$ cat coords_8.csv   # CSV, N, CA and C atoms
chain,number,residue,atom,x,y,z
V,1,MET,N,-6.6,-3.2,-27.5
V,1,MET,CA,-7.3,-3.8,-26.5
V,1,MET,C,-6.7,-3.5,-25.1
V,2,GLU,N,-7.5,-3.0,-24.2
V,2,GLU,CA,-7.0,-2.6,-22.9
V,2,GLU,C,-6.8,-3.9,-22.0
V,3,THR,N,-5.6,-4.0,-21.5
V,3,THR,CA,-5.3,-5.2,-20.7
V,3,THR,C,-5.0,-4.9,-19.2
V,4,THR,N,-5.1,-3.7,-18.8
V,4,THR,CA,-4.9,-3.3,-17.4
V,4,THR,C,-6.1,-3.7,-16.6
V,5,SER,N,-5.9,-3.9,-15.3
V,5,SER,CA,-7.0,-4.2,-14.5
V,5,SER,C,-7.7,-3.0,-14.1
V,6,PRO,N,-9.0,-3.0,-13.7
V,6,PRO,CA,-9.7,-1.8,-13.3
V,6,PRO,C,-9.1,-1.2,-12.0
V,7,LYS,N,-9.3,0.1,-11.8
V,7,LYS,CA,-8.7,0.7,-10.7
V,7,LYS,C,-9.3,0.1,-9.4
V,8,THR,N,-8.5,0.0,-8.4
V,8,THR,CA,-8.9,-0.5,-7.1
V,8,THR,C,-9.9,0.5,-6.5
V,9,GLN,N,-11.0,0.0,-5.9
V,9,GLN,CA,-11.9,0.9,-5.3
V,9,GLN,C,-12.0,0.5,-3.8
V,10,LEU,N,-11.3,1.3,-3.0
V,10,LEU,CA,-11.3,1.0,-1.5
V,10,LEU,C,-12.1,2.1,-0.8
V,11,ALA,N,-12.9,1.8,0.2
V,11,ALA,CA,-13.6,2.8,0.9
V,11,ALA,C,-12.6,3.6,1.8
V,12,PRO,N,-12.9,4.8,2.1
V,12,PRO,CA,-12.0,5.6,2.9
V,12,PRO,C,-11.6,4.9,4.2
V,13,GLU,N,-12.5,4.2,4.9
V,13,GLU,CA,-12.2,3.5,6.1
V,13,GLU,C,-11.1,2.4,5.9
V,14,GLN,N,-11.2,1.7,4.7
V,14,GLN,CA,-10.2,0.7,4.4
V,14,GLN,C,-8.9,1.3,4.1
V,15,ILE,N,-8.9,2.5,3.4
V,15,ILE,CA,-7.6,3.2,3.2
V,15,ILE,C,-7.0,3.6,4.5
V,16,ALA,N,-7.8,4.2,5.4
V,16,ALA,CA,-7.2,4.6,6.7
V,16,ALA,C,-6.7,3.4,7.5
V,17,ARG,N,-7.4,2.3,7.4
V,17,ARG,CA,-7.0,1.1,8.2
V,17,ARG,C,-5.7,0.6,7.7
V,18,ALA,N,-5.6,0.5,6.3
V,18,ALA,CA,-4.4,0.0,5.7
V,18,ALA,C,-3.2,0.9,6.0
V,19,ALA,N,-3.4,2.2,5.9
V,19,ALA,CA,-2.4,3.2,6.2
V,19,ALA,C,-1.9,3.1,7.7
V,20,ASP,N,-2.9,2.9,8.6
V,20,ASP,CA,-2.6,2.8,10.0
V,20,ASP,C,-1.7,1.5,10.2
V,21,TYR,N,-2.1,0.4,9.6
V,21,TYR,CA,-1.3,-0.8,9.7
V,21,TYR,C,0.1,-0.6,9.2
V,22,ILE,N,0.3,-0.1,8.0
V,22,ILE,CA,1.6,0.1,7.5
V,22,ILE,C,2.5,1.0,8.3
V,23,GLU,N,1.8,2.1,8.9
V,23,GLU,CA,2.6,2.9,9.8
V,23,GLU,C,3.1,2.2,11.0
V,24,LEU,N,2.2,1.4,11.6
V,24,LEU,CA,2.6,0.6,12.8
V,24,LEU,C,3.8,-0.4,12.4
V,25,VAL,N,3.7,-1.0,11.3
V,25,VAL,CA,4.8,-1.9,10.8
V,25,VAL,C,6.1,-1.1,10.7
V,26,TRP,N,6.0,0.1,10.0
V,26,TRP,CA,7.1,1.0,9.8
V,26,TRP,C,7.8,1.4,11.0
V,27,GLN,N,7.0,1.7,12.1
V,27,GLN,CA,7.6,2.1,13.3
V,27,GLN,C,8.4,1.1,14.1
V,28,GLU,N,8.2,-0.2,13.7
V,28,GLU,CA,9.0,-1.3,14.3
V,28,GLU,C,8.8,-1.5,15.8
V,29,GLN,N,9.2,-0.5,16.5
V,29,GLN,CA,9.0,-0.6,18.0
V,29,GLN,C,8.0,0.5,18.3
V,30,GLY,N,7.2,0.2,19.2
V,30,GLY,CA,6.2,1.2,19.6
V,30,GLY,C,5.8,1.1,21.1
V,31,THR,N,4.8,1.8,21.4
V,31,THR,CA,4.3,1.8,22.8
V,31,THR,C,3.6,0.4,23.0
V,32,GLN,N,3.2,0.1,24.2
V,32,GLN,CA,2.4,-1.1,24.5
V,32,GLN,C,1.1,-1.0,23.7
V,33,GLU,N,0.5,0.2,23.7
V,33,GLU,CA,-0.8,0.4,23.0
V,33,GLU,C,-0.6,0.1,21.5
V,34,GLU,N,0.5,0.6,20.9
V,34,GLU,CA,0.7,0.3,19.5
V,34,GLU,C,0.9,-1.2,19.2
V,35,ARG,N,1.6,-1.9,20.1
V,35,ARG,CA,1.8,-3.3,19.9
V,35,ARG,C,0.5,-4.1,20.0
V,36,VAL,N,-0.4,-3.6,20.9
V,36,VAL,CA,-1.7,-4.2,21.0
V,36,VAL,C,-2.5,-4.0,19.7
V,37,ARG,N,-2.4,-2.8,19.2
V,37,ARG,CA,-3.1,-2.5,17.9
V,37,ARG,C,-2.6,-3.4,16.8
V,38,LEU,N,-1.3,-3.6,16.7
V,38,LEU,CA,-0.7,-4.4,15.7
V,38,LEU,C,-1.2,-5.9,15.8
V,39,GLU,N,-1.3,-6.4,17.1
V,39,GLU,CA,-1.8,-7.7,17.3
V,39,GLU,C,-3.3,-7.8,16.9
V,40,GLU,N,-4.0,-6.8,17.1
V,40,GLU,CA,-5.5,-6.8,16.7
V,40,GLU,C,-5.5,-6.8,15.1
V,41,PHE,N,-4.7,-6.1,14.4
V,41,PHE,CA,-4.6,-6.2,13.0
V,41,PHE,C,-4.3,-7.6,12.6
V,42,HIS,N,-3.3,-8.2,13.2
V,42,HIS,CA,-2.9,-9.6,12.8
V,42,HIS,C,-3.9,-10.6,13.1
V,43,ALA,N,-4.9,-10.4,14.0
V,43,ALA,CA,-5.9,-11.3,14.2
V,43,ALA,C,-6.8,-11.5,13.0
V,44,ASP,N,-6.8,-10.6,12.1
V,44,ASP,CA,-7.7,-10.7,10.9
V,44,ASP,C,-7.1,-11.5,9.8
V,45,GLY,N,-5.8,-11.8,9.9
V,45,GLY,CA,-5.1,-12.7,9.0
V,45,GLY,C,-5.3,-12.5,7.6
V,46,ASP,N,-6.1,-13.4,6.9
V,46,ASP,CA,-6.3,-13.3,5.5
V,46,ASP,C,-7.0,-12.1,5.0
V,47,GLU,N,-7.9,-11.5,5.8
V,47,GLU,CA,-8.6,-10.3,5.4
V,47,GLU,C,-7.6,-9.1,5.4
V,48,LEU,N,-6.7,-9.1,6.4
V,48,LEU,CA,-5.6,-8.1,6.4
V,48,LEU,C,-4.8,-8.2,5.2
V,49,ALA,N,-4.4,-9.4,4.8
V,49,ALA,CA,-3.5,-9.6,3.6
V,49,ALA,C,-4.2,-9.1,2.4
V,50,LYS,N,-5.5,-9.4,2.2
V,50,LYS,CA,-6.3,-8.9,1.1
V,50,LYS,C,-6.3,-7.4,1.0
V,51,LEU,N,-6.6,-6.8,2.2
V,51,LEU,CA,-6.6,-5.3,2.2
V,51,LEU,C,-5.3,-4.7,1.9
V,52,ILE,N,-4.2,-5.3,2.4
V,52,ILE,CA,-2.9,-4.7,2.1
V,52,ILE,C,-2.5,-4.9,0.6
V,53,GLY,N,-2.9,-6.0,0.0
V,53,GLY,CA,-2.7,-6.3,-1.4
V,53,GLY,C,-3.4,-5.2,-2.2
V,54,GLU,N,-4.7,-5.0,-1.9
V,54,GLU,CA,-5.5,-3.9,-2.7
V,54,GLU,C,-4.9,-2.5,-2.4
V,55,PHE,N,-4.6,-2.2,-1.2
V,55,PHE,CA,-4.1,-0.9,-0.8
V,55,PHE,C,-2.7,-0.7,-1.5
V,56,GLY,N,-1.9,-1.8,-1.5
V,56,GLY,CA,-0.6,-1.7,-2.1
V,56,GLY,C,-0.6,-1.4,-3.6
V,57,ALA,N,-1.6,-2.0,-4.3
V,57,ALA,CA,-1.7,-1.8,-5.7
V,57,ALA,C,-2.1,-0.3,-5.9
V,58,MET,N,-3.0,0.2,-5.1
V,58,MET,CA,-3.5,1.6,-5.2
V,58,MET,C,-2.3,2.5,-4.9
V,59,LEU,N,-1.5,2.2,-3.9
V,59,LEU,CA,-0.4,3.0,-3.5
V,59,LEU,C,0.6,3.1,-4.6
V,60,LEU,N,1.0,2.0,-5.2
V,60,LEU,CA,2.0,1.9,-6.3
V,60,LEU,C,1.5,2.7,-7.5
V,61,ARG,N,0.2,2.5,-7.8
V,61,ARG,CA,-0.3,3.1,-9.1
V,61,ARG,C,-0.6,4.6,-8.9
V,62,ASP,N,-1.2,5.0,-7.8
V,62,ASP,CA,-1.7,6.4,-7.7
V,62,ASP,C,-0.8,7.3,-7.0
V,63,HIS,N,0.2,6.8,-6.2
V,63,HIS,CA,1.0,7.7,-5.4
V,63,HIS,C,2.5,7.6,-5.6
V,64,ILE,N,3.0,6.4,-5.5
V,64,ILE,CA,4.5,6.2,-5.5
V,64,ILE,C,5.0,6.5,-6.9
V,65,THR,N,4.3,6.0,-8.0
V,65,THR,CA,4.8,6.2,-9.3
V,65,THR,C,4.0,7.2,-10.2
V,66,ALA,N,3.2,8.1,-9.5
V,66,ALA,CA,2.4,9.0,-10.2
V,66,ALA,C,3.3,9.8,-11.2
V,67,VAL,N,2.9,10.0,-12.4
V,67,VAL,CA,3.6,10.7,-13.5
V,67,VAL,C,2.9,12.0,-13.7
V,68,PRO,N,3.6,13.1,-13.7
V,68,PRO,CA,3.0,14.4,-14.0
V,68,PRO,C,2.3,14.4,-15.3
V,69,ASP,N,1.1,15.1,-15.4
V,69,ASP,CA,0.4,15.1,-16.7
V,69,ASP,C,1.2,15.5,-17.9
V,70,GLU,N,2.1,16.4,-17.7
V,70,GLU,CA,2.9,16.8,-18.9
V,70,GLU,C,3.9,15.7,-19.4
V,71,HIS,N,4.0,14.7,-18.6
V,71,HIS,CA,4.9,13.6,-19.0
V,71,HIS,C,4.2,12.3,-19.3
V,72,ALA,N,2.8,12.4,-19.3
V,72,ALA,CA,2.0,11.1,-19.4
V,72,ALA,C,2.3,10.4,-20.8
V,73,ASP,N,2.7,11.1,-21.8
V,73,ASP,CA,2.9,10.5,-23.1
V,73,ASP,C,4.4,10.1,-23.3
V,74,CYS,N,5.2,10.3,-22.3
V,74,CYS,CA,6.6,9.9,-22.5
V,74,CYS,C,6.8,8.4,-22.4
V,75,GLU,N,7.8,7.9,-23.0
V,75,GLU,CA,8.1,6.5,-23.0
V,75,GLU,C,8.4,6.0,-21.6
V,76,SER,N,9.1,6.8,-20.8
V,76,SER,CA,9.4,6.4,-19.4
V,76,SER,C,8.1,6.3,-18.6
V,77,ALA,N,7.1,7.1,-18.8
V,77,ALA,CA,5.8,6.9,-18.1
V,77,ALA,C,5.2,5.6,-18.5
V,78,TYR,N,5.3,5.3,-19.8
V,78,TYR,CA,4.7,4.0,-20.3
V,78,TYR,C,5.4,2.8,-19.6
V,79,VAL,N,6.7,2.9,-19.5
V,79,VAL,CA,7.5,1.8,-18.9
V,79,VAL,C,7.1,1.7,-17.4
V,80,ALA,N,7.1,2.9,-16.7
V,80,ALA,CA,6.7,2.9,-15.3
V,80,ALA,C,5.4,2.3,-15.1
V,81,GLY,N,4.4,2.6,-16.0
V,81,GLY,CA,3.1,2.1,-15.9
V,81,GLY,C,3.1,0.6,-16.0
V,82,LYS,N,3.8,0.1,-16.9
V,82,LYS,CA,3.9,-1.4,-17.1
V,82,LYS,C,4.5,-2.1,-15.9
V,83,LEU,N,5.6,-1.5,-15.3
V,83,LEU,CA,6.2,-2.0,-14.1
V,83,LEU,C,5.3,-2.0,-13.0
V,84,VAL,N,4.5,-1.0,-12.8
V,84,VAL,CA,3.6,-0.9,-11.7
V,84,VAL,C,2.5,-2.0,-11.9
V,85,THR,N,2.0,-2.1,-13.1
V,85,THR,CA,1.0,-3.2,-13.4
V,85,THR,C,1.5,-4.5,-13.0
V,86,VAL,N,2.7,-4.9,-13.3
V,86,VAL,CA,3.3,-6.2,-13.0
V,86,VAL,C,3.5,-6.3,-11.5
V,87,ALA,N,4.1,-5.3,-10.8
V,87,ALA,CA,4.3,-5.3,-9.4
V,87,ALA,C,3.0,-5.4,-8.6
V,88,SER,N,2.0,-4.7,-9.1
V,88,SER,CA,0.7,-4.7,-8.4
V,88,SER,C,0.0,-6.0,-8.6
V,89,ARG,N,0.1,-6.6,-9.8
V,89,ARG,CA,-0.5,-7.9,-10.0
V,89,ARG,C,0.1,-9.0,-9.1
V,90,TYR,N,1.4,-9.0,-9.0
V,90,TYR,CA,2.0,-10.0,-8.2
V,90,TYR,C,1.8,-9.7,-6.7
V,91,LEU,N,1.8,-8.5,-6.3
V,91,LEU,CA,1.5,-8.2,-4.9
V,91,LEU,C,0.1,-8.6,-4.5
V,92,LYS,N,-0.9,-8.3,-5.3
V,92,LYS,CA,-2.3,-8.7,-5.1
V,92,LYS,C,-2.4,-10.3,-5.1
V,93,ARG,N,-1.8,-10.9,-6.1
V,93,ARG,CA,-1.9,-12.3,-6.2
V,93,ARG,C,-1.3,-13.0,-5.0
V,94,TRP,N,-0.2,-12.5,-4.6
V,94,TRP,CA,0.5,-13.0,-3.4
V,94,TRP,C,-0.3,-12.9,-2.1
V,95,CYS,N,-0.9,-11.7,-2.0
V,95,CYS,CA,-1.7,-11.4,-0.8
V,95,CYS,C,-3.0,-12.2,-0.8
V,96,LEU,N,-3.6,-12.4,-2.0
V,96,LEU,CA,-4.9,-13.0,-2.0
V,96,LEU,C,-4.9,-14.5,-2.0
V,97,ALA,N,-3.8,-15.1,-2.5
V,97,ALA,CA,-3.7,-16.5,-2.7
V,97,ALA,C,-2.8,-17.2,-1.6
V,98,SER,N,-2.2,-16.5,-0.8
V,98,SER,CA,-1.2,-17.1,0.1
V,98,SER,C,-1.7,-18.0,1.1
V,99,GLY,N,-2.8,-17.6,1.8
V,99,GLY,CA,-3.3,-18.4,2.9
V,99,GLY,C,-2.5,-18.2,4.2
V,100,ALA,N,-1.4,-17.4,4.1
V,100,ALA,CA,-0.6,-17.2,5.3
V,100,ALA,C,-0.9,-15.9,6.0
V,101,GLY,N,-2.0,-15.2,5.6
V,101,GLY,CA,-2.6,-14.1,6.3
V,101,GLY,C,-1.6,-13.0,6.8
V,102,ALA,N,-1.6,-12.9,8.1
V,102,ALA,CA,-0.8,-11.8,8.8
V,102,ALA,C,0.6,-11.8,8.4
V,103,HIS,N,1.2,-13.0,8.2
V,103,HIS,CA,2.7,-13.0,7.8
V,103,HIS,C,2.9,-12.4,6.5
V,104,ILE,N,2.0,-12.7,5.5
V,104,ILE,CA,2.1,-12.1,4.2
V,104,ILE,C,1.8,-10.6,4.2
V,105,ALA,N,0.8,-10.2,5.0
V,105,ALA,CA,0.5,-8.8,5.2
V,105,ALA,C,1.7,-8.0,5.7
V,106,TRP,N,2.4,-8.6,6.7
V,106,TRP,CA,3.6,-8.0,7.2
V,106,TRP,C,4.7,-7.8,6.2
V,107,ILE,N,5.0,-8.8,5.4
V,107,ILE,CA,6.0,-8.8,4.4
V,107,ILE,C,5.6,-7.8,3.3
V,108,ALA,N,4.3,-7.8,2.9
V,108,ALA,CA,3.9,-6.8,1.9
V,108,ALA,C,4.0,-5.4,2.4
V,109,ALA,N,3.7,-5.2,3.6
V,109,ALA,CA,3.8,-3.8,4.2
V,109,ALA,C,5.3,-3.4,4.2
V,110,GLY,N,6.2,-4.3,4.4
V,110,GLY,CA,7.6,-4.0,4.4
V,110,GLY,C,8.0,-3.6,3.0
V,111,PHE,N,7.5,-4.3,2.0
V,111,PHE,CA,7.8,-4.0,0.6
V,111,PHE,C,7.3,-2.6,0.2
V,112,LEU,N,6.1,-2.2,0.7
V,112,LEU,CA,5.6,-0.9,0.4
V,112,LEU,C,6.3,0.2,1.1
V,113,ILE,N,6.7,-0.1,2.3
V,113,ILE,CA,7.5,0.8,3.1
V,113,ILE,C,8.9,1.1,2.4
V,114,GLU,N,9.5,0.1,1.9
V,114,GLU,CA,10.8,0.3,1.1
V,114,GLU,C,10.5,1.1,-0.1
V,115,CYS,N,9.4,0.9,-0.8
V,115,CYS,CA,9.1,1.7,-2.0
V,115,CYS,C,8.9,3.2,-1.6
V,116,MET,N,8.2,3.4,-0.5
V,116,MET,CA,7.9,4.8,-0.1
V,116,MET,C,9.2,5.5,0.4
V,117,GLN,N,10.1,4.8,1.1
V,117,GLN,CA,11.3,5.3,1.6
V,117,GLN,C,12.3,5.7,0.4
V,118,GLU,N,12.2,5.0,-0.7
V,118,GLU,CA,13.0,5.3,-1.8
V,118,GLU,C,12.7,6.7,-2.4
V,119,VAL,N,11.5,7.1,-2.4
V,119,VAL,CA,11.1,8.3,-3.0
V,119,VAL,C,10.7,9.5,-2.1
V,120,ASP,N,10.4,9.2,-0.8
V,120,ASP,CA,9.9,10.2,0.1
V,120,ASP,C,9.9,9.6,1.5
V,121,THR,N,9.2,10.2,2.4
V,121,THR,CA,9.0,9.6,3.7
V,121,THR,C,7.7,8.9,3.8
V,122,VAL,N,7.7,7.8,4.5
V,122,VAL,CA,6.6,7.0,4.7
V,122,VAL,C,5.4,7.8,5.3
V,123,HIS,N,5.7,8.5,6.4
V,123,HIS,CA,4.7,9.2,7.1
V,123,HIS,C,4.0,10.2,6.2
V,124,GLN,N,4.7,10.9,5.4
V,124,GLN,CA,4.1,11.9,4.5
V,124,GLN,C,3.2,11.3,3.5
V,125,TYR,N,3.6,10.2,2.9
V,125,TYR,CA,2.8,9.5,2.0
V,125,TYR,C,1.5,9.0,2.6
V,126,LEU,N,1.6,8.4,3.8
V,126,LEU,CA,0.4,7.9,4.4
V,126,LEU,C,-0.5,9.0,4.9
V,127,ALA,N,0.0,10.1,5.3
V,127,ALA,CA,-0.8,11.3,5.7
V,127,ALA,C,-1.6,11.8,4.5
V,128,ASP,N,-0.9,12.0,3.4
V,128,ASP,CA,-1.5,12.5,2.2
V,128,ASP,C,-2.6,11.5,1.7
V,129,ILE,N,-2.4,10.2,1.8
V,129,ILE,CA,-3.4,9.3,1.3
V,129,ILE,C,-4.6,9.3,2.3
V,130,ARG,N,-4.4,9.4,3.6
V,130,ARG,CA,-5.5,9.4,4.5
V,130,ARG,C,-6.4,10.7,4.2
V,131,ARG,N,-5.7,11.8,4.0
V,131,ARG,CA,-6.4,13.1,3.7
V,131,ARG,C,-7.2,13.0,2.5
V,132,ASP,N,-6.6,12.5,1.4
V,132,ASP,CA,-7.3,12.3,0.1
V,132,ASP,C,-8.5,11.4,0.3
V,133,ALA,N,-8.4,10.3,1.0
V,133,ALA,CA,-9.5,9.4,1.2
V,133,ALA,C,-10.6,10.1,2.0
V,134,ALA,N,-10.2,10.9,3.0
V,134,ALA,CA,-11.2,11.5,3.9
V,134,ALA,C,-12.0,12.6,3.1
V,135,PHE,N,-11.3,13.3,2.2
V,135,PHE,CA,-12.0,14.4,1.5
V,135,PHE,C,-12.3,14.1,0.1
V,136,GLY,N,-12.0,12.9,-0.3
V,136,GLY,CA,-12.3,12.4,-1.7
V,136,GLY,C,-12.3,13.3,-2.7

$ encode --input "coords_8.csv" --output "structure tokens"
Amino acid sequence: METTSPKTQLAPEQIARAADYIELVWQEQGTQEERVRLEEFHADGDELAKLIGEFGAMLLRDHITAVPDEHADCESAYVAGKLVTVASRYLKRWCLASGAGAHIAWIAAGFLIECMQEVDTVHQYLADIRRDAAFG
């Protein structure tokens, strides 16, 4: 019996918006224009948290922990898949049920940034994801 949740379906605009937000958080300091954009994101509160939760689950599953096809049957791929399932479930639950909106989105973005920095650069991941979403 399959117990994994269905794949997240985000529109390309949602993916681009989430990637833009995470990149602004990652930059920490920015121009006045970037700070204004960050405040605009935070005005959405709970909707922003939901988007980052869904985007984060997709990012963990499809990009950060992607396993090459030739290793899909390995035990380590199975374990990685289970860890991603748990991390994604808690990330989405946290973002959907918190009620703390922008604050939770900020913390979740920080978690995703840490994950991306462990395996590559944040900017490259986000650029690849934006490209993939745009050209589907």

$ residues_around --input "coords_8.csv" --residues "Ile113 in chain V" --least-positions-apart "5" --cutoff "10 Å" --atoms "only C-alpha atoms" --output "VMD selection string"
chain V and resid 22 to 23 25 to 26 56 107 to 108 118 121 to 123 125

$ write_last_selection --input "coords_8.csv" --atoms "N, CA and C atoms" --output "tab-separated table (two decimals), in the coordinates of the input"
chain	number	residue	atom	x	y	z
V	22	ILE	N	0.30	-0.10	8.00
V	22	ILE	CA	1.60	0.10	7.50
V	22	ILE	C	2.50	1.00	8.30
V	23	GLU	N	1.80	2.10	8.90
V	23	GLU	CA	2.60	2.90	9.80
V	23	GLU	C	3.10	2.20	11.00
V	25	VAL	N	3.70	-1.00	11.30
V	25	VAL	CA	4.80	-1.90	10.80
V	25	VAL	C	6.10	-1.10	10.70
V	26	TRP	N	6.00	0.10	10.00
V	26	TRP	CA	7.10	1.00	9.80
V	26	TRP	C	7.80	1.40	11.00
V	56	GLY	N	-1.90	-1.80	-1.50
V	56	GLY	CA	-0.60	-1.70	-2.10
V	56	GLY	C	-0.60	-1.40	-3.60
V	107	ILE	N	5.00	-8.80	5.40
V	107	ILE	CA	6.00	-8.80	4.40
V	107	ILE	C	5.60	-7.80	3.30
V	108	ALA	N	4.30	-7.80	2.90
V	108	ALA	CA	3.90	-6.80	1.90
V	108	ALA	C	4.00	-5.40	2.40
V	118	GLU	N	12.20	5.00	-0.70
V	118	GLU	CA	13.00	5.30	-1.80
V	118	GLU	C	12.70	6.70	-2.40
V	121	THR	N	9.20	10.20	2.40
V	121	THR	CA	9.00	9.60	3.70
V	121	THR	C	7.70	8.90	3.80
V	122	VAL	N	7.70	7.80	4.50
V	122	VAL	CA	6.60	7.00	4.70
V	122	VAL	C	5.40	7.80	5.30
V	123	HIS	N	5.70	8.50	6.40
V	123	HIS	CA	4.70	9.20	7.10
V	123	HIS	C	4.00	10.20	6.20
V	125	TYR	N	3.60	10.20	2.90
V	125	TYR	CA	2.80	9.50	2.00
V	125	TYR	C	1.50	9.00	2.60

$ atom_distance --input "coords_8.csv" --atom1 "CA of Ser76 in chain V" --atom2 "atom C of Val119 in chain V"
17.6 Å

$ axis_aligned_box --input "coords_8.csv" --around "range 11-18 of chain V" --padding-each-side "3 Å" --output "lines of an AutoDock Vina configuration file"
center_x = -8.4
center_y = 2.8
center_z = 4.2
size_x = 16.4
size_y = 11.6
size_z = 14.0

$ atom_distance --input "coords_8.csv" --atom1 "atom C of Arg131 in chain V" --atom2 "atom N of Glu70 in chain V"
22.5 Å

$ residues_around --input "coords_8.csv" --residues "Lys50 in chain V" --least-positions-apart "3" --cutoff "7 Å" --atoms "only N, CA and C atoms" --output "PyMOL selection string"
chain V and resi 45-47+53-55+95-96+101+105

$ closest_residue --input "coords_8.csv" --among "V:Leu24, V:Ala19, V:Ala109, V:Val36" --to "Leu126 in chain V" --atoms "all atoms listed in the file"
V:Ala19

$ atom_distance --input "coords_8.csv" --atom1 "CA of Arg93 in chain V" --atom2 "CA of Ile129 in chain V"
22.9 Å

$ select_by_dssp --input "coords_8.csv" --residues "chain V" --states "helix (DSSP H, G or I)" --output "PyMOL selection string"
chain V and resi 12-27+32-42+46-64+69-71+75-97+102-119+122-135

$ closest_residue --input "coords_8.csv" --among "V:Leu91, V:Arg35, V:Tyr78, V:Ala66" --to "Ile52 in chain V" --atoms "only N, CA and C atoms"
V:Leu91

$ closest_residue --input "coords_8.csv" --among "V:Glu28, V:Met58, V:Arg37, V:Ala49" --to "Gln9 in chain V" --atoms "only N, CA and C atoms"
V:Met58

$ residues_near_point --input "coords_8.csv" --point "(-0.3, -0.9, -12.2)" --cutoff "8 Å" --atoms "all atoms listed in the file" --output "number ranges by chain"
V: 4-5, 57-58, 60-62, 80-89

$ build_atoms --input "coords_8.csv" --residues "range 77-90 of chain V" --atoms "N, CA, C and O atoms" --output "PDB file, keeping the file's coordinate frame"
ATOM      1  N   ALA V  77       7.100   7.100 -18.800  1.00  0.00           N
ATOM      2  CA  ALA V  77       5.800   6.900 -18.100  1.00  0.00           C
ATOM      3  C   ALA V  77       5.200   5.600 -18.500  1.00  0.00           C
ATOM      4  O   ALA V  77       4.591   4.945 -17.696  1.00  0.00           O
ATOM      5  N   TYR V  78       5.300   5.300 -19.800  1.00  0.00           N
ATOM      6  CA  TYR V  78       4.700   4.000 -20.300  1.00  0.00           C
ATOM      7  C   TYR V  78       5.400   2.800 -19.600  1.00  0.00           C
ATOM      8  O   TYR V  78       4.719   1.926 -19.078  1.00  0.00           O
ATOM      9  N   VAL V  79       6.700   2.900 -19.500  1.00  0.00           N
ATOM     10  CA  VAL V  79       7.500   1.800 -18.900  1.00  0.00           C
ATOM     11  C   VAL V  79       7.100   1.700 -17.400  1.00  0.00           C
ATOM     12  O   VAL V  79       6.914   0.642 -16.859  1.00  0.00           O
ATOM     13  N   ALA V  80       7.100   2.900 -16.700  1.00  0.00           N
ATOM     14  CA  ALA V  80       6.700   2.900 -15.300  1.00  0.00           C
ATOM     15  C   ALA V  80       5.400   2.300 -15.100  1.00  0.00           C
ATOM     16  O   ALA V  80       5.158   1.519 -14.154  1.00  0.00           O
ATOM     17  N   GLY V  81       4.400   2.600 -16.000  1.00  0.00           N
ATOM     18  CA  GLY V  81       3.100   2.100 -15.900  1.00  0.00           C
ATOM     19  C   GLY V  81       3.100   0.600 -16.000  1.00  0.00           C
ATOM     20  O   GLY V  81       2.362  -0.116 -15.240  1.00  0.00           O
ATOM     21  N   LYS V  82       3.800   0.100 -16.900  1.00  0.00           N
ATOM     22  CA  LYS V  82       3.900  -1.400 -17.100  1.00  0.00           C
ATOM     23  C   LYS V  82       4.500  -2.100 -15.900  1.00  0.00           C
ATOM     24  O   LYS V  82       4.094  -3.140 -15.433  1.00  0.00           O
ATOM     25  N   LEU V  83       5.600  -1.500 -15.300  1.00  0.00           N
ATOM     26  CA  LEU V  83       6.200  -2.000 -14.100  1.00  0.00           C
ATOM     27  C   LEU V  83       5.300  -2.000 -13.000  1.00  0.00           C
ATOM     28  O   LEU V  83       5.232  -3.018 -12.186  1.00  0.00           O
ATOM     29  N   VAL V  84       4.500  -1.000 -12.800  1.00  0.00           N
ATOM     30  CA  VAL V  84       3.600  -0.900 -11.700  1.00  0.00           C
ATOM     31  C   VAL V  84       2.500  -2.000 -11.900  1.00  0.00           C
ATOM     32  O   VAL V  84       2.050  -2.611 -10.934  1.00  0.00           O
ATOM     33  N   THR V  85       2.000  -2.100 -13.100  1.00  0.00           N
ATOM     34  CA  THR V  85       1.000  -3.200 -13.400  1.00  0.00           C
ATOM     35  C   THR V  85       1.500  -4.500 -13.000  1.00  0.00           C
ATOM     36  O   THR V  85       0.769  -5.279 -12.291  1.00  0.00           O
ATOM     37  N   VAL V  86       2.700  -4.900 -13.300  1.00  0.00           N
ATOM     38  CA  VAL V  86       3.300  -6.200 -13.000  1.00  0.00           C
ATOM     39  C   VAL V  86       3.500  -6.300 -11.500  1.00  0.00           C
ATOM     40  O   VAL V  86       3.058  -7.290 -10.847  1.00  0.00           O
ATOM     41  N   ALA V  87       4.100  -5.300 -10.800  1.00  0.00           N
ATOM     42  CA  ALA V  87       4.300  -5.300  -9.400  1.00  0.00           C
ATOM     43  C   ALA V  87       3.000  -5.400  -8.600  1.00  0.00           C
ATOM     44  O   ALA V  87       2.845  -6.192  -7.687  1.00  0.00           O
ATOM     45  N   SER V  88       2.000  -4.700  -9.100  1.00  0.00           N
ATOM     46  CA  SER V  88       0.700  -4.700  -8.400  1.00  0.00           C
ATOM     47  C   SER V  88       0.000  -6.000  -8.600  1.00  0.00           C
ATOM     48  O   SER V  88      -0.599  -6.578  -7.626  1.00  0.00           O
ATOM     49  N   ARG V  89       0.100  -6.600  -9.800  1.00  0.00           N
ATOM     50  CA  ARG V  89      -0.500  -7.900 -10.000  1.00  0.00           C
ATOM     51  C   ARG V  89       0.100  -9.000  -9.100  1.00  0.00           C
ATOM     52  O   ARG V  89      -0.658  -9.738  -8.483  1.00  0.00           O
ATOM     53  N   TYR V  90       1.400  -9.000  -9.000  1.00  0.00           N
ATOM     54  CA  TYR V  90       2.000 -10.000  -8.200  1.00  0.00           C
ATOM     55  C   TYR V  90       1.800  -9.700  -6.700  1.00  0.00           C
ATOM     56  O   TYR V  90       1.581 -10.679  -5.922  1.00  0.00           O
TER      57      TYR V  90
END
